[in-house]
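Student: Input structure: upload-v2.tsv, which contains TSV, C-alpha atoms.
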chain	number	residue	atom	x	y	z
A	297	GLY	CA	16.33	-7.18	7.94
A	298	PRO	CA	16.69	-5.17	11.13
A	299	LYS	CA	17.73	-7.23	14.14
A	300	VAL	CA	16.31	-7.12	17.63
A	301	LEU	CA	18.27	-9.04	20.24
A	302	GLN	CA	16.99	-10.50	23.50
A	303	ILE	CA	18.98	-11.62	26.49
A	304	PRO	CA	18.77	-14.21	27.95
A	305	SER	CA	17.27	-16.71	25.53
A	306	HIS	CA	16.12	-18.90	28.43
A	307	GLN	CA	15.63	-18.27	32.12
A	308	ILE	CA	14.52	-20.64	34.87
A	309	ILE	CA	13.75	-19.14	38.26
A	310	ASP	CA	11.89	-19.95	41.42
A	311	MET	CA	8.53	-18.37	42.10
A	312	GLY	CA	8.86	-15.15	44.02
A	313	GLN	CA	12.24	-14.23	42.59
A	314	MET	CA	12.87	-11.20	40.42
A	315	VAL	CA	13.72	-11.50	36.76
A	316	THR	CA	14.83	-8.91	34.21
A	317	LEU	CA	14.40	-9.55	30.52
A	318	ASN	CA	16.61	-7.49	28.25
A	319	CYS	CA	15.93	-6.26	24.76
A	320	ASP	CA	18.38	-4.59	22.41
A	321	PRO	CA	16.13	-2.89	19.84
A	322	VAL	CA	17.04	-1.67	16.38
A	323	SER	CA	19.31	1.33	16.87
A	324	ASN	CA	17.19	4.11	15.35
A	325	HIS	CA	13.80	2.80	16.44
A	326	LEU	CA	11.61	4.88	18.70
A	327	TYR	CA	8.79	2.59	19.75
A	328	PHE	CA	9.25	-0.48	21.91
A	329	TYR	CA	6.90	-3.30	22.82
A	330	TRP	CA	6.65	-6.41	24.93
A	331	TYR	CA	4.37	-9.32	24.04
A	332	LYS	CA	3.70	-12.56	25.90
A	333	GLN	CA	3.02	-15.97	24.39
A	334	ILE	CA	2.09	-18.92	26.55
A	335	LEU	CA	2.85	-22.23	24.86
A	336	GLY	CA	0.10	-23.10	22.40
A	337	GLN	CA	-1.79	-19.89	23.01
A	338	GLN	CA	-2.29	-16.56	21.30
A	339	MET	CA	0.37	-13.90	21.34
A	340	GLU	CA	-0.78	-11.03	23.58
A	341	PHE	CA	0.26	-7.42	23.93
A	342	LEU	CA	1.73	-6.42	27.27
A	343	VAL	CA	3.02	-2.87	27.00
A	344	ASN	CA	4.44	-0.27	24.66
A	345	PHE	CA	6.93	2.48	25.32
A	346	TYR	CA	7.89	5.71	23.61
A	347	ASN	CA	10.03	8.67	24.54
A	348	GLY	CA	10.80	7.24	27.94
A	349	LYS	CA	7.20	6.58	28.86
A	350	VAL	CA	4.65	3.79	28.83
A	351	MET	CA	2.02	4.54	26.19
A	352	GLU	CA	-0.37	1.73	26.98
A	353	LYS	CA	-0.41	-1.41	29.08
A	354	SER	CA	-2.79	-4.33	28.86
A	355	LYS	CA	-4.59	-6.09	31.68
A	356	LEU	CA	-1.83	-8.71	31.57
A	357	PHE	CA	0.69	-6.07	32.66
A	358	LYS	CA	0.35	-6.66	36.37
A	359	ASP	CA	1.62	-4.39	39.12
A	360	GLN	CA	4.60	-6.71	39.46
A	361	PHE	CA	5.74	-5.75	35.96
A	362	SER	CA	7.79	-2.70	35.04
A	363	VAL	CA	9.60	-1.46	31.95
A	364	GLU	CA	12.34	1.05	31.37
A	365	ARG	CA	15.05	2.02	28.96
A	366	PRO	CA	17.72	3.82	30.98
A	367	ASP	CA	19.95	6.13	28.90
A	368	GLY	CA	19.07	4.51	25.59
A	369	SER	CA	20.48	1.14	26.54
A	370	TYR	CA	18.50	-2.08	26.84
A	371	PHE	CA	14.73	-1.91	26.97
A	372	THR	CA	13.93	-4.07	29.98
A	373	LEU	CA	10.95	-5.91	31.39
A	374	LYS	CA	11.24	-6.61	35.09
A	375	ILE	CA	8.95	-8.95	36.98
A	376	GLN	CA	9.11	-8.76	40.77
A	377	PRO	CA	7.99	-11.05	42.27
A	378	THR	CA	7.41	-13.74	39.66
A	379	ALA	CA	4.43	-16.08	39.73
A	380	LEU	CA	3.85	-19.49	38.12
A	381	GLU	CA	1.55	-17.96	35.49
A	382	ASP	CA	4.38	-15.75	34.28
A	383	SER	CA	5.92	-18.77	32.56
A	384	ALA	CA	5.83	-17.93	28.85
A	385	VAL	CA	7.89	-16.68	25.95
A	386	TYR	CA	8.34	-12.92	26.08
A	387	PHE	CA	8.94	-11.17	22.79
A	388	CYS	CA	10.36	-7.71	22.44
A	389	ALA	CA	9.67	-5.62	19.36
A	390	SER	CA	10.70	-2.23	18.09
A	391	SER	CA	9.55	0.02	15.30
A	392	LEU	CA	10.36	3.32	13.68
A	393	SER	CA	6.83	3.90	12.47
A	394	ASP	CA	4.76	1.05	11.06
A	395	THR	CA	6.43	-2.35	10.85
A	396	GLN	CA	7.34	-3.97	14.14
A	397	TYR	CA	10.47	-6.11	14.22
A	398	PHE	CA	10.71	-8.86	16.76
A	399	GLY	CA	13.45	-10.42	18.79
A	400	PRO	CA	13.80	-14.21	19.13
A	401	GLY	CA	12.07	-14.23	22.51
A	402	THR	CA	13.06	-15.12	26.06
A	403	ARG	CA	11.67	-18.38	27.36
A	404	LEU	CA	10.85	-17.89	31.03
A	405	LEU	CA	10.02	-20.81	33.28
A	406	VAL	CA	8.89	-20.07	36.82
A	407	LEU	CA	9.03	-23.07	39.15
B	295	GLY	CA	-12.68	-5.68	21.98
B	296	GLN	CA	-11.19	-6.26	18.59
B	297	GLN	CA	-11.06	-9.89	17.56
B	298	VAL	CA	-8.91	-11.54	14.96
B	299	GLN	CA	-9.86	-14.85	13.42
B	300	GLN	CA	-7.52	-16.92	11.30
B	301	SER	CA	-8.40	-19.82	9.07
B	302	PRO	CA	-7.71	-22.59	8.60
B	303	ALA	CA	-6.29	-23.49	12.01
B	304	SER	CA	-4.05	-26.04	10.38
B	305	LEU	CA	-3.13	-27.09	6.88
B	306	VAL	CA	-1.16	-29.96	5.41
B	307	LEU	CA	0.21	-29.68	1.87
B	308	GLN	CA	2.34	-31.65	-0.48
B	309	GLU	CA	5.38	-29.78	-1.68
B	310	GLY	CA	4.51	-27.69	-4.72
B	311	GLU	CA	0.91	-27.04	-3.73
B	312	ASN	CA	-0.42	-23.55	-3.08
B	313	ALA	CA	-1.93	-22.27	0.17
B	314	GLU	CA	-4.37	-19.50	0.96
B	315	LEU	CA	-4.50	-18.31	4.56
B	316	GLN	CA	-7.21	-15.97	5.80
B	317	CYS	CA	-7.48	-13.37	8.50
B	318	ASN	CA	-10.77	-11.69	9.44
B	319	PHE	CA	-11.52	-8.88	11.85
B	320	SER	CA	-14.55	-8.06	13.92
B	321	THR	CA	-14.07	-4.29	13.91
B	322	SER	CA	-12.49	-1.70	11.67
B	323	LEU	CA	-9.13	-2.63	10.25
B	324	ASN	CA	-6.33	-0.13	10.64
B	325	SER	CA	-3.58	-2.15	9.12
B	326	MET	CA	-2.28	-5.67	9.00
B	327	GLN	CA	1.01	-7.38	9.65
B	328	TRP	CA	1.74	-10.99	8.69
B	329	PHE	CA	4.38	-13.03	10.47
B	330	TYR	CA	5.98	-16.42	10.11
B	331	GLN	CA	6.77	-18.14	13.39
B	332	ARG	CA	9.45	-20.78	13.05
B	333	PRO	CA	9.01	-24.12	14.82
B	334	GLY	CA	11.55	-22.89	17.36
B	335	GLY	CA	9.40	-19.85	18.09
B	336	SER	CA	11.19	-16.91	16.51
B	337	LEU	CA	9.14	-14.45	14.46
B	338	VAL	CA	9.80	-13.16	10.97
B	339	SER	CA	7.86	-10.19	9.64
B	340	LEU	CA	6.48	-11.05	6.21
B	341	PHE	CA	4.29	-8.08	5.28
B	342	TYR	CA	3.02	-4.82	6.63
B	343	ASN	CA	-0.02	-4.33	4.45
B	344	PRO	CA	-2.60	-1.65	5.22
B	345	SER	CA	-4.46	-2.20	1.94
B	346	GLY	CA	-4.14	-3.69	-1.49
B	347	THR	CA	-1.74	-6.38	-2.64
B	348	LYS	CA	1.93	-6.87	-1.87
B	349	GLN	CA	4.19	-9.59	-3.16
B	350	SER	CA	7.53	-10.94	-2.00
B	351	GLY	CA	8.84	-13.95	-3.87
B	352	ARG	CA	6.32	-16.78	-3.52
B	353	LEU	CA	4.27	-14.87	-0.93
B	354	THR	CA	1.40	-12.50	-1.72
B	355	SER	CA	-0.63	-10.55	0.79
B	356	THR	CA	-3.98	-8.93	-0.04
B	357	THR	CA	-5.84	-6.69	2.38
B	358	VAL	CA	-9.41	-5.52	1.72
B	359	ILE	CA	-10.28	-2.96	4.35
B	360	LYS	CA	-14.00	-2.61	3.70
B	361	GLU	CA	-14.41	-6.38	3.95
B	362	ARG	CA	-12.28	-6.52	7.11
B	363	ARG	CA	-10.05	-9.29	5.81
B	364	SER	CA	-6.54	-10.02	4.73
B	365	SER	CA	-5.11	-13.09	3.02
B	366	LEU	CA	-1.69	-14.62	2.57
B	367	HIS	CA	-1.06	-16.73	-0.50
B	368	ILE	CA	1.87	-19.10	-0.65
B	369	SER	CA	2.62	-20.46	-4.10
B	370	SER	CA	4.63	-23.59	-4.88
B	371	SER	CA	5.05	-24.49	-1.22
B	372	GLN	CA	8.31	-25.93	0.06
B	373	THR	CA	9.06	-28.03	3.12
B	374	THR	CA	10.89	-25.04	4.60
B	375	ASP	CA	7.58	-23.11	4.61
B	376	SER	CA	6.38	-25.32	7.47
B	377	GLY	CA	5.60	-23.39	10.62
B	378	THR	CA	2.94	-21.09	11.98
B	379	TYR	CA	1.63	-18.06	10.14
B	380	LEU	CA	0.27	-15.28	12.30
B	381	CYS	CA	-1.67	-12.20	11.36
B	382	ALA	CA	-2.05	-9.17	13.58
B	383	THR	CA	-4.01	-6.00	13.24
B	384	VAL	CA	-2.66	-2.69	14.41
B	385	GLY	CA	-4.71	-1.27	17.25
B	386	ASP	CA	-4.53	1.93	19.24
B	387	ASN	CA	-1.03	3.09	20.13
B	388	SER	CA	0.27	0.71	17.47
B	389	LYS	CA	-0.19	-2.36	19.62
B	390	LEU	CA	-0.65	-5.58	17.64
B	391	ILE	CA	-3.77	-7.69	18.18
B	392	TRP	CA	-3.07	-11.23	17.13
B	393	GLY	CA	-4.88	-14.19	15.65
B	394	LEU	CA	-4.26	-17.74	16.85
B	395	GLY	CA	-2.34	-18.61	13.72
B	396	THR	CA	-2.40	-21.20	10.96
B	397	SER	CA	-0.13	-24.17	11.47
B	398	LEU	CA	1.26	-25.24	8.10
B	399	VAL	CA	2.97	-28.53	7.37
B	400	VAL	CA	4.46	-29.08	3.94
B	401	ASN	CA	5.38	-32.67	3.23
B	402	PRO	CA	8.05	-33.68	0.71
Let me see whether you can do it: turn the structure in this file into C-alpha coordinates.
Tutor:
Amino acid sequence: GPKVLQIPSHQIIDMGQMVTLNCDPVSNHLYFYWYKQILGQQMEFLVNFYNGKVMEKSKLFKDQFSVERPDGSYFTLKIQPTALEDSAVYFCASSLSDTQYFGPGTRLLVL
Amino acid sequence: GQQVQQSPASLVLQEGENAELQCNFSTSLNSMQWFYQRPGGSLVSLFYNPSGTKQSGRLTSTTVIKERRSSLHISSSQTTDSGTYLCATVGDNSKLIWGLGTSLVVNP
(Lines of atoms letter the chains of each structure in order from A and count residues from 1; the text may use other names and numbers.)
(Lines give C-alpha, C1' and ligand atoms only; values in the text may rest on other atoms or scores of the structure.)
Protein backbone atom coordinates (compact mmCIF):
# COMPACT_ATOMS: atom_id res chain seq x y z
CA GLY A 1 0.00 0.00 0.00
CA PRO A 2 0.91 3.67 -0.02
CA LYS A 3 3.93 4.53 2.12
CA VAL A 4 4.32 7.39 4.55
CA LEU A 5 7.83 7.93 5.86
CA GLN A 6 8.86 9.59 9.10
CA ILE A 7 12.25 10.94 10.06
CA PRO A 8 13.79 10.40 12.55
CA SER A 9 12.51 7.10 13.93
CA HIS A 10 13.79 8.00 17.40
CA GLN A 11 14.81 11.26 19.03
CA ILE A 12 16.11 11.92 22.53
CA ILE A 13 16.41 15.54 23.62
CA ASP A 14 16.69 17.61 26.74
CA MET A 15 13.67 19.47 28.05
CA GLY A 16 13.50 22.97 26.66
CA GLN A 17 15.18 22.14 23.38
CA MET A 18 13.48 22.38 20.01
CA VAL A 19 12.62 19.33 17.97
CA THR A 20 11.31 18.95 14.42
CA LEU A 21 9.58 15.78 13.35
CA ASN A 22 9.48 15.17 9.62
CA CYS A 23 6.87 13.39 7.58
CA ASP A 24 7.09 12.43 3.93
CA PRO A 25 3.45 11.81 2.95
CA VAL A 26 2.13 9.87 -0.02
CA SER A 27 2.94 11.95 -3.09
CA ASN A 28 -0.55 12.80 -4.34
CA HIS A 29 -2.22 13.13 -0.95
CA LEU A 30 -3.80 16.40 0.07
CA TYR A 31 -4.65 16.01 3.73
CA PHE A 32 -2.06 15.62 6.47
CA TYR A 33 -2.39 14.73 10.13
CA TRP A 34 -0.38 14.36 13.30
CA TYR A 35 -1.42 12.03 16.12
CA LYS A 36 0.19 11.42 19.50
CA GLN A 37 0.35 8.15 21.41
CA ILE A 38 1.78 7.98 24.90
CA LEU A 39 2.97 4.49 25.79
CA GLY A 40 0.02 2.34 26.84
CA GLN A 41 -2.51 5.06 26.17
CA GLN A 42 -5.02 5.96 23.50
CA MET A 43 -3.96 7.44 20.20
CA GLU A 44 -5.04 11.10 20.09
CA PHE A 45 -5.51 13.58 17.29
CA LEU A 46 -3.24 16.62 17.34
CA VAL A 47 -3.77 18.57 14.14
CA ASN A 48 -4.74 18.32 10.50
CA PHE A 49 -3.57 20.35 7.54
CA TYR A 50 -4.89 21.03 4.06
CA ASN A 51 -3.96 23.43 1.31
CA GLY A 52 -1.25 25.01 3.39
CA LYS A 53 -3.43 25.65 6.39
CA VAL A 54 -4.35 24.08 9.70
CA MET A 55 -7.93 22.83 9.54
CA GLU A 56 -8.34 21.85 13.17
CA LYS A 57 -6.16 21.43 16.22
CA SER A 58 -6.97 19.62 19.43
CA LYS A 59 -6.42 20.81 22.98
CA LEU A 60 -3.22 18.76 22.98
CA PHE A 61 -1.79 21.03 20.28
CA LYS A 62 -0.15 23.50 22.62
CA ASP A 63 1.17 26.92 21.69
CA GLN A 64 4.64 25.38 21.57
CA PHE A 65 3.58 23.24 18.62
CA SER A 66 3.57 24.29 14.99
CA VAL A 67 3.12 22.57 11.64
CA GLU A 68 4.03 23.46 8.10
CA ARG A 69 4.71 22.00 4.72
CA PRO A 70 7.01 24.41 2.91
CA ASP A 71 6.92 24.10 -0.91
CA GLY A 72 5.39 20.63 -0.89
CA SER A 73 8.30 19.04 0.91
CA TYR A 74 8.17 17.40 4.32
CA PHE A 75 5.15 17.98 6.51
CA THR A 76 6.74 18.95 9.81
CA LEU A 77 5.75 19.14 13.46
CA LYS A 78 7.93 21.46 15.49
CA ILE A 79 7.89 21.62 19.26
CA GLN A 80 9.65 24.60 20.83
CA PRO A 81 10.36 24.38 23.70
CA THR A 82 9.82 20.72 24.55
CA ALA A 83 8.42 19.56 27.89
CA LEU A 84 8.61 16.21 29.68
CA GLU A 85 4.98 15.43 28.82
CA ASP A 86 5.80 15.65 25.13
CA SER A 87 7.47 12.24 25.36
CA ALA A 88 5.39 9.99 23.11
CA VAL A 89 5.22 8.39 19.70
CA TYR A 90 4.12 10.86 17.05
CA PHE A 91 2.41 9.43 14.00
CA CYS A 92 1.98 11.25 10.75
CA ALA A 93 -0.80 10.33 8.35
CA SER A 94 -1.92 11.45 4.93
CA SER A 95 -5.00 10.90 2.84
CA LEU A 96 -6.43 11.72 -0.55
CA SER A 97 -10.01 11.53 0.61
CA ASP A 98 -11.14 8.83 3.03
CA THR A 99 -8.53 6.32 4.14
CA GLN A 100 -5.67 7.67 6.20
CA TYR A 101 -2.28 6.04 5.76
CA PHE A 102 0.17 6.16 8.60
CA GLY A 103 3.90 6.43 8.94
CA PRO A 104 5.86 4.21 11.36
CA GLY A 105 6.01 6.93 14.00
CA THR A 106 8.76 8.95 15.66
CA ARG A 107 9.55 7.98 19.22
CA LEU A 108 10.35 11.16 21.12
CA LEU A 109 11.89 11.07 24.57
CA VAL A 110 12.28 14.34 26.44
CA LEU A 111 14.64 14.16 29.40
CA GLY B 1 -17.39 14.53 22.95
CA GLN B 2 -17.50 11.44 20.84
CA GLN B 3 -16.39 8.31 22.64
CA VAL B 4 -15.18 5.05 21.19
CA GLN B 5 -15.29 1.85 23.19
CA GLN B 6 -13.54 -1.32 22.13
CA SER B 7 -14.07 -4.80 23.49
CA PRO B 8 -12.61 -7.01 24.65
CA ALA B 9 -9.59 -5.14 26.00
CA SER B 10 -7.50 -8.25 25.55
CA LEU B 11 -7.92 -11.67 24.03
CA VAL B 12 -5.85 -14.83 24.02
CA LEU B 13 -6.46 -17.47 21.35
CA GLN B 14 -5.03 -20.74 20.25
CA GLU B 15 -3.90 -20.75 16.66
CA GLY B 16 -6.81 -21.62 14.38
CA GLU B 17 -9.50 -20.09 16.57
CA ASN B 18 -11.67 -17.21 15.41
CA ALA B 19 -11.92 -13.77 17.02
CA GLU B 20 -14.64 -11.14 17.04
CA LEU B 21 -13.60 -7.63 18.05
CA GLN B 22 -16.15 -4.92 18.73
CA CYS B 23 -16.20 -1.17 18.48
CA ASN B 24 -19.08 0.96 19.80
CA PHE B 25 -19.73 4.68 19.56
CA SER B 26 -21.54 7.08 21.81
CA THR B 27 -22.69 9.45 19.07
CA SER B 28 -23.49 9.26 15.38
CA LEU B 29 -21.07 7.24 13.32
CA ASN B 30 -19.69 8.87 10.21
CA SER B 31 -17.36 6.14 9.17
CA MET B 32 -14.95 3.65 10.62
CA GLN B 33 -11.35 2.71 10.07
CA TRP B 34 -9.74 -0.41 11.52
CA PHE B 35 -6.01 -0.65 12.11
CA TYR B 36 -3.53 -3.27 13.19
CA GLN B 37 -0.73 -1.97 15.39
CA ARG B 38 2.32 -4.19 15.34
CA PRO B 39 4.12 -4.97 18.61
CA GLY B 40 6.79 -2.50 17.49
CA GLY B 41 4.17 0.23 17.15
CA SER B 42 3.70 0.75 13.43
CA LEU B 43 0.15 0.98 12.09
CA VAL B 44 -1.42 -0.90 9.21
CA SER B 45 -4.76 0.20 7.81
CA LEU B 46 -7.06 -2.81 7.57
CA PHE B 47 -10.42 -1.38 6.50
CA TYR B 48 -12.14 1.86 5.79
CA ASN B 49 -15.74 0.84 6.25
CA PRO B 50 -18.54 3.40 6.42
CA SER B 51 -21.26 0.76 6.33
CA GLY B 52 -21.95 -2.84 5.49
CA THR B 53 -19.47 -5.69 5.26
CA LYS B 54 -16.01 -5.79 3.75
CA GLN B 55 -13.68 -8.75 3.56
CA SER B 56 -9.96 -9.07 2.99
CA GLY B 57 -8.53 -12.56 3.29
CA ARG B 58 -9.24 -13.86 6.79
CA LEU B 59 -10.48 -10.47 8.00
CA THR B 60 -14.08 -9.25 7.79
CA SER B 61 -15.36 -5.88 8.93
CA THR B 62 -19.05 -5.13 9.48
CA THR B 63 -20.35 -1.67 10.28
CA VAL B 64 -23.97 -1.06 11.33
CA ILE B 65 -24.51 2.68 11.43
CA LYS B 66 -27.91 2.78 13.12
CA GLU B 67 -26.60 0.58 15.93
CA ARG B 68 -23.42 2.68 16.24
CA ARG B 69 -21.11 -0.31 16.09
CA SER B 70 -18.50 -1.96 13.97
CA SER B 71 -16.89 -5.38 14.29
CA LEU B 72 -13.75 -7.05 13.04
CA HIS B 73 -13.78 -10.80 12.58
CA ILE B 74 -10.55 -12.74 12.30
CA SER B 75 -10.95 -16.30 11.11
CA SER B 76 -8.45 -19.12 11.57
CA SER B 77 -6.10 -16.96 13.63
CA GLN B 78 -2.34 -17.25 13.23
CA THR B 79 0.48 -16.35 15.59
CA THR B 80 1.39 -13.49 13.26
CA ASP B 81 -2.02 -11.91 13.99
CA SER B 82 -0.79 -11.04 17.49
CA GLY B 83 -0.78 -7.33 18.19
CA THR B 84 -3.22 -4.55 18.92
CA TYR B 85 -6.32 -3.86 16.87
CA LEU B 86 -7.55 -0.30 16.89
CA CYS B 87 -10.77 1.17 15.61
CA ALA B 88 -11.30 4.84 14.92
CA THR B 89 -14.29 6.82 13.86
CA VAL B 90 -14.03 9.71 11.47
CA GLY B 91 -14.96 12.99 13.11
CA ASP B 92 -15.22 16.54 11.86
CA ASN B 93 -12.50 17.61 9.44
CA SER B 94 -11.70 13.92 8.96
CA LYS B 95 -9.86 13.62 12.24
CA LEU B 96 -9.81 10.10 13.67
CA ILE B 97 -11.20 9.46 17.15
CA TRP B 98 -9.68 6.31 18.54
CA GLY B 99 -10.58 3.46 20.84
CA LEU B 100 -8.12 2.03 23.34
CA GLY B 101 -7.65 -1.10 21.28
CA THR B 102 -7.89 -4.86 21.69
CA SER B 103 -4.65 -6.61 22.51
CA LEU B 104 -4.62 -9.99 20.78
CA VAL B 105 -2.26 -12.84 21.56
CA VAL B 106 -2.39 -15.95 19.40
CA ASN B 107 -0.53 -18.89 20.84
CA PRO B 108 0.87 -21.72 18.72
Student: In Å, rounded to a single decimal, give me how far atom CA of Leu307 of chain B is from atom CA of Leu380 of chain B.
Tutor: 17.8 Å
Student: Can you build me a table of chain A residues sitting at most 10 Å from chain B, with the closest atom pair per residue and its distance in Å to one decimal, using all atoms listed in the file, sorted by chain and residue number, as CSV?
Tutor:
residue,atom,partner,partner_atom,distance
A:Gly297,CA,B:Ser339,CA,9.1
A:Tyr327,CA,B:Ser388,CA,9.0
A:Phe328,CA,B:Lys389,CA,9.9
A:Tyr329,CA,B:Lys389,CA,7.8
A:Trp330,CA,B:Lys389,CA,9.6
A:Tyr331,CA,B:Leu390,CA,9.0
A:Gln333,CA,B:Gly335,CA,9.8
A:Leu335,CA,B:Gly335,CA,9.7
A:Gly336,CA,B:Leu394,CA,8.9
A:Gln337,CA,B:Leu394,CA,7.0
A:Gln338,CA,B:Leu394,CA,5.0
A:Met339,CA,B:Trp392,CA,6.1
A:Glu340,CA,B:Trp392,CA,6.8
A:Phe341,CA,B:Leu390,CA,6.6
A:Leu342,CA,B:Lys389,CA,8.9
A:Val343,CA,B:Lys389,CA,8.1
A:Asn344,CA,B:Lys389,CA,7.2
A:Phe345,CA,B:Asn387,CA,9.5
A:Tyr346,CA,B:Asn387,CA,9.9
A:Met351,CA,B:Asn387,CA,6.9
A:Glu352,CA,B:Asn387,CA,7.0
A:Lys353,CA,B:Lys389,CA,9.5
A:Ser354,CA,B:Lys389,CA,9.8
A:Val385,CA,B:Gly335,CA,8.6
A:Phe387,CA,B:Ser336,CA,8.8
A:Ser391,CA,B:Ser388,CA,9.6
A:Ser393,CA,B:Ser388,CA,8.8
A:Asp394,CA,B:Tyr342,CA,7.6
A:Thr395,CA,B:Tyr342,CA,6.0
A:Gln396,CA,B:Ser339,CA,7.7
A:Tyr397,CA,B:Ser339,CA,6.7
A:Phe398,CA,B:Leu337,CA,6.2
A:Gly399,CA,B:Ser336,CA,7.2
A:Pro400,CA,B:Ser336,CA,4.6
A:Gly401,CA,B:Ser336,CA,6.6
A:Thr402,CA,B:Ser336,CA,9.9
A:Arg403,CA,B:Gly335,CA,9.7
Student: Just checking: using only C-alpha atoms, which residue out of A:Leu373, A:Ile303, A:Val363, A:Cys388 ends up closest to Thr316 of chain A?
Tutor: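 Nearest to Thr316 of chain A: A:Leu373.
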Student: Hey, which of A:Tyr386, A:Leu356, A:Val406, A:Asn347 ends up closest to Thr372 of chain A? Count all atoms listed in the file.
Tutor: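 Counting all atoms listed in the file, the residue closest to Thr372 of chain A is A:Tyr386.
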Student: Give me, as a PyMOL selection string, all polymer residues having an atom no more than 7 Å from Gln299 of chain B, counting only C-alpha atoms and skipping those fewer than 6 positions away in the same chain.
Tutor: chain B and resi 317-319+393
Student: List as a ChimeraX atom specification the protein and nucleic acid residues near segment 345-357 of chain B, meaning an atom at most 12 Å away when only C-alpha atoms are counted, but skip any in the same chain fewer than 4 places from it.
Tutor: /B:310-319,323-330,339-341,361-372,375,379,381,383
Student: For atom CA of Pro302 of chain B and atom CA of Ser320 of chain B, determine how far apart the two atoms are, in Å to one decimal place.
Tutor: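 Taking atom CA of Pro302 of chain B as the start and atom CA of Ser320 of chain B as the end point, the length is 16.9 Å.
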